[in-house]
file upload.cif (mmCIF, C-alpha atoms)
data_input
loop_
_atom_site.label_atom_id
_atom_site.label_comp_id
_atom_site.auth_asym_id
_atom_site.auth_seq_id
_atom_site.Cartn_x
_atom_site.Cartn_y
_atom_site.Cartn_z
CA MET A 1030 33.67 20.90 -24.96
CA LYS A 1031 31.14 23.71 -24.69
CA LYS A 1032 28.54 21.62 -26.58
CA PHE A 1033 29.13 18.66 -24.22
CA THR A 1034 28.66 20.89 -21.14
CA LEU A 1035 25.47 22.41 -22.53
CA LEU A 1036 24.11 18.98 -23.47
CA THR A 1037 24.88 17.65 -19.98
CA LEU A 1038 23.15 20.61 -18.31
CA PHE A 1039 20.15 20.19 -20.60
CA LEU A 1040 19.83 16.46 -19.80
CA LEU A 1041 20.17 17.11 -16.07
CA SER A 1042 17.45 19.76 -16.17
CA ILE A 1043 15.11 17.40 -18.06
CA GLN A 1044 15.79 14.70 -15.48
CA ALA A 1045 14.99 17.10 -12.64
CA VAL A 1046 11.68 18.05 -14.26
CA PHE A 1047 10.49 14.50 -14.98
CA CYS A 1048 11.81 12.64 -11.92
CA GLN A 1049 9.51 12.29 -8.97
CA ASN A 1050 10.30 11.96 -5.34
CA PRO A 1051 9.18 8.71 -3.74
CA TRP A 1052 6.03 8.80 -1.63
CA LEU A 1053 4.34 6.44 0.76
CA LEU A 1054 1.88 4.33 -1.20
CA LYS A 1055 0.33 2.48 1.75
CA ASP A 1056 1.45 1.67 5.28
CA VAL A 1057 0.55 -2.01 5.79
CA TYR A 1058 1.63 -1.91 9.45
CA PRO A 1059 1.07 1.60 10.87
CA GLY A 1060 3.10 2.54 13.90
CA ALA A 1061 6.67 3.05 14.98
CA THR A 1062 7.94 -0.46 14.23
CA GLY A 1063 7.23 -0.45 10.49
CA SER A 1064 6.45 -3.36 8.22
CA GLY A 1065 9.96 -4.61 7.50
CA ILE A 1066 9.65 -5.38 3.78
CA GLN A 1067 11.99 -8.26 2.97
CA GLU A 1068 11.44 -9.17 -0.68
CA ILE A 1069 10.09 -7.34 -3.73
CA VAL A 1070 9.41 -9.06 -7.06
CA LYS A 1071 7.91 -7.57 -10.22
CA THR A 1072 5.88 -9.79 -12.54
CA SER A 1073 4.16 -8.85 -15.76
CA GLY A 1074 0.95 -8.38 -13.74
CA TYR A 1075 1.76 -6.93 -10.31
CA THR A 1076 4.58 -6.17 -7.96
CA PHE A 1077 4.63 -8.60 -5.03
CA PHE A 1078 6.32 -8.08 -1.67
CA THR A 1079 6.53 -9.61 1.77
CA ALA A 1080 6.00 -7.54 4.89
CA GLU A 1081 5.27 -7.93 8.55
CA ASP A 1082 1.84 -6.59 9.41
CA ASP A 1083 -0.62 -6.35 12.26
CA ASP A 1084 -1.59 -10.04 12.21
CA ALA A 1085 -0.99 -12.02 15.40
CA ASP A 1086 1.79 -14.07 13.83
CA ALA A 1087 5.25 -12.61 13.45
CA ASN A 1088 5.74 -13.85 9.92
CA ARG A 1089 5.88 -11.98 6.64
CA GLY A 1090 2.62 -11.94 4.71
CA LEU A 1091 2.31 -11.75 0.93
CA TYR A 1092 1.17 -8.47 -0.61
CA ARG A 1093 0.66 -7.26 -4.16
CA THR A 1094 0.38 -3.80 -5.61
CA ASP A 1095 -0.58 -2.25 -8.89
CA GLY A 1096 1.01 1.03 -7.82
CA THR A 1097 -2.09 2.54 -6.21
CA PRO A 1098 -3.12 2.63 -2.53
CA THR A 1099 -6.39 0.79 -3.23
CA GLY A 1100 -4.59 -1.74 -5.42
CA THR A 1101 -2.17 -2.64 -2.62
CA LEU A 1102 -3.52 -5.53 -0.60
CA LYS A 1103 -2.61 -8.59 1.43
CA LEU A 1104 -3.19 -12.00 -0.15
CA ASN A 1105 -4.25 -14.53 2.45
CA MET A 1106 -2.56 -17.87 2.02
CA VAL A 1107 -5.58 -20.05 2.73
CA TYR A 1108 -6.32 -22.86 0.33
CA THR A 1109 -8.10 -26.20 0.72
CA GLY A 1110 -5.97 -28.26 3.11
CA TYR A 1111 -3.41 -25.46 3.58
CA ASN A 1112 -3.17 -22.43 5.83
CA SER A 1113 0.17 -20.62 5.64
CA ASN A 1114 1.11 -17.38 7.30
CA LYS A 1115 4.54 -16.81 5.80
CA ALA A 1116 5.72 -16.15 2.26
CA ASP A 1117 9.39 -16.60 1.41
CA LYS A 1118 11.66 -16.84 -1.64
CA LEU A 1119 9.43 -14.91 -4.07
CA THR A 1120 10.25 -15.78 -7.69
CA ALA A 1121 8.61 -14.19 -10.74
CA LEU A 1122 7.20 -16.42 -13.48
CA GLY A 1123 5.31 -14.49 -16.17
CA ASN A 1124 2.32 -12.85 -14.49
CA LYS A 1125 2.64 -15.07 -11.39
CA VAL A 1126 4.86 -15.25 -8.37
CA ILE A 1127 5.96 -18.65 -7.07
CA PHE A 1128 7.05 -18.83 -3.43
CA ALA A 1129 7.63 -21.02 -0.40
CA GLY A 1130 5.07 -20.90 2.40
CA ASP A 1131 5.58 -21.83 6.07
CA ASN A 1132 9.06 -23.06 5.34
CA PHE A 1133 10.24 -23.75 8.91
CA SER A 1134 7.52 -24.06 11.51
CA PRO A 1135 5.84 -26.44 12.23
CA GLY A 1136 8.20 -28.21 9.84
CA TYR A 1137 6.12 -27.96 6.69
CA GLY A 1138 7.34 -26.54 3.46
CA GLU A 1139 4.92 -25.55 0.76
CA ILE A 1140 5.08 -24.27 -2.79
CA TRP A 1141 2.49 -21.63 -3.69
CA ALA A 1142 1.61 -19.61 -6.78
CA SER A 1143 -0.26 -16.32 -7.04
CA ASP A 1144 -1.50 -14.25 -9.96
CA GLY A 1145 -2.20 -11.33 -7.62
CA THR A 1146 -5.82 -12.21 -6.89
CA GLN A 1147 -7.11 -13.99 -3.80
CA ALA A 1148 -8.76 -16.69 -5.93
CA GLY A 1149 -5.53 -17.11 -7.89
CA THR A 1150 -3.35 -17.60 -4.78
CA ILE A 1151 -3.07 -21.38 -4.56
CA ALA A 1152 -0.99 -24.02 -2.80
CA LEU A 1153 0.69 -26.49 -5.12
CA GLU A 1154 2.58 -28.91 -2.85
CA ARG A 1155 3.47 -29.61 0.79
CA PHE A 1156 6.59 -31.27 2.16
CA GLN A 1157 7.29 -32.40 5.70
CA PRO A 1158 10.69 -34.01 6.17
CA ALA A 1159 11.47 -35.81 9.41
CA VAL A 1160 14.72 -33.87 9.77
CA SER A 1161 15.81 -30.64 8.12
CA SER A 1162 17.92 -27.84 9.51
CA ARG A 1163 17.15 -25.42 6.69
CA GLY A 1164 13.48 -25.98 5.96
CA PRO A 1165 12.00 -28.34 3.42
CA VAL A 1166 11.96 -25.88 0.49
CA PHE A 1167 15.11 -24.10 -0.60
CA GLU A 1168 16.38 -22.11 -3.57
CA LEU A 1169 13.79 -21.22 -6.22
CA ALA A 1170 14.93 -20.18 -9.70
CA ALA A 1171 12.94 -19.35 -12.86
CA MET A 1172 14.10 -20.80 -16.16
CA ASN A 1173 12.39 -21.59 -19.49
CA GLY A 1174 8.79 -21.16 -18.29
CA TYR A 1175 9.24 -23.03 -14.99
CA VAL A 1176 10.38 -22.34 -11.47
CA TYR A 1177 12.82 -24.99 -10.26
CA TYR A 1178 13.28 -25.59 -6.54
CA GLY A 1179 14.96 -27.96 -4.16
CA VAL A 1180 13.07 -29.77 -1.42
CA VAL A 1181 13.71 -32.29 1.30
CA ASN A 1182 10.76 -34.66 0.98
CA THR A 1183 8.96 -36.86 3.50
CA ASN A 1184 11.56 -39.65 3.22
CA ASN A 1185 14.37 -37.10 3.77
CA LYS A 1186 15.69 -37.31 0.23
CA THR A 1187 16.62 -34.16 -1.63
CA GLN A 1188 14.69 -33.55 -4.82
CA ILE A 1189 14.76 -31.05 -7.63
CA ARG A 1190 11.19 -30.19 -8.64
CA ARG A 1191 9.61 -27.71 -11.03
CA THR A 1192 6.32 -25.92 -11.56
CA ASP A 1193 4.69 -23.80 -14.22
CA GLY A 1194 2.46 -22.25 -11.54
CA THR A 1195 -0.29 -24.86 -11.76
CA ALA A 1196 -0.85 -28.07 -9.79
CA ALA A 1197 -0.94 -30.09 -13.02
CA GLY A 1198 2.34 -28.53 -14.15
CA THR A 1199 4.21 -29.33 -10.90
CA SER A 1200 6.46 -32.38 -11.00
CA LEU A 1201 9.63 -34.15 -9.89
CA VAL A 1202 12.72 -33.53 -12.02
CA TYR A 1203 15.29 -35.57 -10.09
CA GLU A 1204 15.61 -37.33 -6.72
CA PHE A 1205 19.03 -37.82 -5.19
CA SER A 1206 19.66 -41.27 -3.75
CA SER A 1207 20.88 -40.15 -0.34
#

call {"tool": "encode", "arguments": {"input": "upload.cif", "output": "structure tokens"}}
result
Amino acid sequence: MKKFTLLTLFLLSIQAVFCQNPWLLKDVYPGATGSGIQEIVKTSGYTFFTAEDDDADANRGLYRTDGTPTGTLKLNMVYTGYNSNKADKLTALGNKVIFAGDNFSPGYGEIWASDGTQAGTIALERFQPAVSSRGPVFELAAMNGYVYYGVVNTNNKTQIRRTDGTAAGTSLVYEFSS
């Protein structure tokens, strides 16, 4: 019993020496209201998160960090033909994050991928159903090198789609008849 107590005290003292207290890495929305981080996802490249910031819109932007203040930055979701201001449903896929953009207003739903660089933050698909109470894109899940997701497409049919994080690797898996 004495050996167990000494071993426990030794392990606790080692933990106290090597553990660090958390510190503020970067305040993306300085002020009293805070940034309201909603989602955090770790990939093999970066850690991605969504946060409200000082932009005019009230939506959560996409950020990535490498664990340093200078390596923590906002990724603008601007791509040819697309301009989103909200990231939602972050899902890790290797060194990328796959996510839904502008999922409710003005009725568009988009699938995006990011490798943590501005040039590597790209839109893959856009959906605009005539009627949808929950947004066109719902439930993303990574499995076997793909992210699978459900959408309500332009003819209001529910589909299961998948992507490997590239436009060429994004396709329909199944469309439900009604």

call {"tool": "closest_residue", "arguments": {"input": "upload.cif", "among": "A:Thr1120, A:Thr1150, A:Thr1101, A:Thr1195", "to": "Tyr1177 of chain A", "atoms": "only C-alpha atoms"}}
result
A:Thr1120

call {"tool": "atom_distance", "arguments": {"input": "upload.cif", "atom1": "atom CA of Ser1073 of chain A", "atom2": "atom CA of Thr1109 of chain A"}}
result
26.9 Å

call {"tool": "atom_distance", "arguments": {"input": "upload.cif", "atom1": "atom CA of Tyr1108 of chain A", "atom2": "atom CA of Ala1152 of chain A"}}
result
6.3 Å

call {"tool": "resolve_selection", "arguments": {"input": "upload.cif", "expression": "the PyMOL selection byres ((chain A and resi 1188-1192) around 6)", "output": "PyMOL selection string"}}
result
chain A and resi 1175-1180+1187+1193-1194+1198-1204

call {"tool": "closest_residue", "arguments": {"input": "upload.cif", "among": "A:Gln1147, A:Ser1206, A:Thr1094, A:Thr1072", "to": "Leu1122 of chain A", "atoms": "all atoms listed in the file"}}
result
A:Thr1072

call {"tool": "residues_near_point", "arguments": {"input": "upload.cif", "point": "(-0.7, -4.0, -6.7)", "cutoff": "12 Å", "atoms": "only C-alpha atoms", "output": "ChimeraX atom specification"}}
result
/A:1054-1055,1069-1078,1091-1104,1144-1146

call {"tool": "write_last_selection", "arguments": {"input": "upload.cif", "atoms": "C-alpha atoms", "output": "compact mmCIF listing (two decimals), keeping the file's coordinate frame"}}
result
# COMPACT_ATOMS: atom_id res chain seq x y z
CA LEU A 1054 1.88 4.33 -1.20
CA LYS A 1055 0.33 2.48 1.75
CA ILE A 1069 10.09 -7.34 -3.73
CA VAL A 1070 9.41 -9.06 -7.06
CA LYS A 1071 7.91 -7.57 -10.22
CA THR A 1072 5.88 -9.79 -12.54
CA SER A 1073 4.16 -8.85 -15.76
CA GLY A 1074 0.95 -8.38 -13.74
CA TYR A 1075 1.76 -6.93 -10.31
CA THR A 1076 4.58 -6.17 -7.96
CA PHE A 1077 4.63 -8.60 -5.03
CA PHE A 1078 6.32 -8.08 -1.67
CA LEU A 1091 2.31 -11.75 0.93
CA TYR A 1092 1.17 -8.47 -0.61
CA ARG A 1093 0.66 -7.26 -4.16
CA THR A 1094 0.38 -3.80 -5.61
CA ASP A 1095 -0.58 -2.25 -8.89
CA GLY A 1096 1.01 1.03 -7.82
CA THR A 1097 -2.09 2.54 -6.21
CA PRO A 1098 -3.12 2.63 -2.53
CA THR A 1099 -6.39 0.79 -3.23
CA GLY A 1100 -4.59 -1.74 -5.42
CA THR A 1101 -2.17 -2.64 -2.62
CA LEU A 1102 -3.52 -5.53 -0.60
CA LYS A 1103 -2.61 -8.59 1.43
CA LEU A 1104 -3.19 -12.00 -0.15
CA ASP A 1144 -1.50 -14.25 -9.96
CA GLY A 1145 -2.20 -11.33 -7.62
CA THR A 1146 -5.82 -12.21 -6.89

call {"tool": "atom_distance", "arguments": {"input": "upload.cif", "atom1": "atom CA of Gln1157 of chain A", "atom2": "atom CA of Gly1065 of chain A"}}
result
28.0 Å

call {"tool": "closest_residue", "arguments": {"input": "upload.cif", "among": "A:Val1181, A:Ile1127, A:Leu1119, A:Ala1080", "to": "Gly1149 of chain A", "atoms": "all atoms listed in the file"}}
result
A:Ile1127

call {"tool": "closest_residue", "arguments": {"input": "upload.cif", "among": "A:Gly1138, A:Ile1066, A:Lys1186, A:Gly1090", "to": "Lys1115 of chain A", "atoms": "only C-alpha atoms"}}
result
A:Gly1090

call {"tool": "resolve_selection", "arguments": {"input": "upload.cif", "expression": "the PyMOL selection byres ((chain A and resi 1153) around 7)", "output": "NGL selection string"}}
result
:A and (1140-1141 or 1151-1152 or 1154 or 1195-1196)

call {"tool": "closest_residue", "arguments": {"input": "upload.cif", "among": "A:Thr1079, A:Tyr1137, A:Val1126, A:Arg1089", "to": "Asn1114 of chain A", "atoms": "all atoms listed in the file"}}
result
A:Arg1089
